[in-house]
Amino acid sequence: RMKPDGTDKRLFHIYPSTPAEPNLTYNEFHPAASADGSRVVFLSDNRPQVTGTDIFLTDRMGATCVRVTRDLHCESVCLSPDGARVAFKDYDPATNKYNLYTAPVFPLNAPPYTNRKLLVSDVKGIQNTTGLEKQCYSEDRLTWTSNDEILFCNDRSGSPWLHRQRVNADGTPDGAPVVVALALGTDHGCWSAQWSSRFNEIYSTIDGGTGLGDP
């Protein structure tokens, strides 16, 4: 965390549930903040007792750190606008598929995972893709908008295009996912959407494919 001018840097490499000096041996990545900036979630694959890639929650000062999931293989994560829920993609090695879920940040989303809600099944991820798709999904970021929609990348329509899924107050899906932005062709991609609540606009990366340049 730092100010826009690059000052007041603070590391978030802290021990689980205990304020401490930074532990630089932890792999921590893919941070996402709540709308008011008071909460930050991130992924880690080598904290104590982590066997896959799990979600952790901290406050903006890095004073506390709470584990949100256990024994999962998460790839992307975002917070709801009120900071009460997370949306994430989880890889299932048994089926070689990703699913998109929501879960409350409390209590711990541990086996048997009764408090997580399935939003969209078979959402592609980096484990089961190659080429352009692998690039799309390795860089894809979930976004939970103030319109109660989650933006994500998927190839349900044949190419890695941007989709939106409406979410009910309890974290369950409201209807089916809808295509938001089409790619420019079968060898093109659209991913990593960001949401502006002020202007009610979506910003995303689009790959132009052959002759149209890089993302």
# chains A, B, ... in the order shown; residues from 1 in each chain; ligands from 1
>>> residues_around(residues="segment 26-41 of chain A", least_positions_apart="3", cutoff="6 Å", atoms="only C-alpha atoms", output="list in words")
Ser44, Asn46, Arg47, Phe56, Leu57, Thr58, Asp59, Arg60, Cys78, Leu79, Pro81 and Gly83 of chain A
>>> write_last_selection(atoms="N, CA, C and O atoms", output="compact mmCIF listing (two decimals), in the first residue's frame")
# COMPACT_ATOMS: atom_id res chain seq x y z
N SER A 44 -2.40 -16.37 -1.44
CA SER A 44 -1.10 -16.87 -1.01
C SER A 44 -1.06 -18.38 -1.21
O SER A 44 -2.06 -19.07 -1.00
N ASN A 46 1.86 -20.22 -0.02
CA ASN A 46 2.86 -20.86 0.84
C ASN A 46 2.83 -20.37 2.29
O ASN A 46 3.81 -20.53 3.01
N ARG A 47 1.72 -19.80 2.71
CA ARG A 47 1.59 -19.47 4.13
C ARG A 47 1.41 -20.76 4.93
O ARG A 47 1.12 -21.82 4.37
N PHE A 56 -6.75 -14.55 1.69
CA PHE A 56 -6.56 -13.93 3.00
C PHE A 56 -7.11 -12.52 2.97
O PHE A 56 -7.13 -11.87 1.92
N LEU A 57 -7.55 -12.04 4.13
CA LEU A 57 -8.13 -10.72 4.28
C LEU A 57 -7.33 -9.92 5.28
O LEU A 57 -6.99 -10.41 6.36
N THR A 58 -7.00 -8.67 4.93
CA THR A 58 -6.32 -7.78 5.85
C THR A 58 -6.99 -6.41 5.83
O THR A 58 -7.84 -6.14 4.96
N ASP A 59 -6.65 -5.55 6.77
CA ASP A 59 -7.17 -4.19 6.76
C ASP A 59 -6.17 -3.28 6.06
O ASP A 59 -5.06 -3.70 5.72
N ARG A 60 -6.55 -2.05 5.83
CA ARG A 60 -5.71 -1.16 5.02
C ARG A 60 -4.37 -0.83 5.67
O ARG A 60 -3.43 -0.42 4.99
N CYS A 78 -12.03 -11.00 -5.68
CA CYS A 78 -12.42 -9.60 -5.50
C CYS A 78 -13.39 -9.52 -4.34
O CYS A 78 -13.98 -10.52 -3.92
N LEU A 79 -13.56 -8.32 -3.81
CA LEU A 79 -14.48 -8.07 -2.70
C LEU A 79 -15.75 -7.42 -3.22
O LEU A 79 -15.74 -6.65 -4.19
N PRO A 81 -18.74 -4.62 -2.95
CA PRO A 81 -18.59 -3.21 -2.60
C PRO A 81 -18.63 -2.92 -1.11
O PRO A 81 -17.93 -2.02 -0.63
N GLY A 83 -17.58 -5.02 1.16
CA GLY A 83 -16.49 -5.75 1.80
C GLY A 83 -16.92 -6.97 2.59
O GLY A 83 -16.10 -7.58 3.29
>>> select_by_dssp(residues="segment 31-197 of chain A", states="strand (DSSP E or B)", output="PyMOL selection string")
chain A and resi 31-33+39-44+53-59+65-67+69+73-79+85-92+97-104+109+117-120+143-144+149-154+161-167+173+178-181+189-196
>>> residues_around(residues="Trp144 of chain A", least_positions_apart="2", cutoff="6 Å", atoms="only C-alpha atoms", output="ChimeraX atom specification")
/A:80,149-150
>>> atom_distance(atom1="atom CA of Pro160 of chain A", atom2="atom CA of Leu119 of chain A")
18.0 Å
>>> atom_distance(atom1="atom CA of Trp191 of chain A", atom2="atom CA of Asp155 of chain A")
10.6 Å
>>> closest_residue(among="A:Asp5, A:Asp71, A:Asp140, A:Asp45", to="Lys89 of chain A", atoms="only C-alpha atoms")
A:Asp140
>>> atom_distance(atom1="atom CA of Thr64 of chain A", atom2="atom CA of Leu100 of chain A")
26.8 Å
>>> select_by_dssp(residues="segment 35-167 of chain A", states="helix (DSSP H, G or I)", output="list in words")
Ile126, Gln127, Asn128, Gly131, Leu132, Glu133, Lys134, Gln135, Cys136, Tyr137, Ser138 and Glu139 of chain A
>>> closest_atom_pairs(of="segment 88-126 of chain A", to="segment 165-182 of chain A", cutoff="7 Å", atoms="only C-alpha atoms", output="Markdown table")
| residue | atom | partner | partner_atom | distance |
| --- | --- | --- | --- | --- |
| A:Thr102 | CA | A:Gly171 | CA | 5.7 |
| A:Ala103 | CA | A:Gly171 | CA | 6.9 |
| A:Lys117 | CA | A:Thr172 | CA | 5.7 |
| A:Leu118 | CA | A:Thr172 | CA | 6.9 |
| A:Leu119 | CA | A:Pro173 | CA | 5.2 |
>>> closest_residue(among="A:Ala94, A:Leu108, A:Ile202, A:Val66", to="Ser146 of chain A", atoms="only C-alpha atoms")
A:Ile202
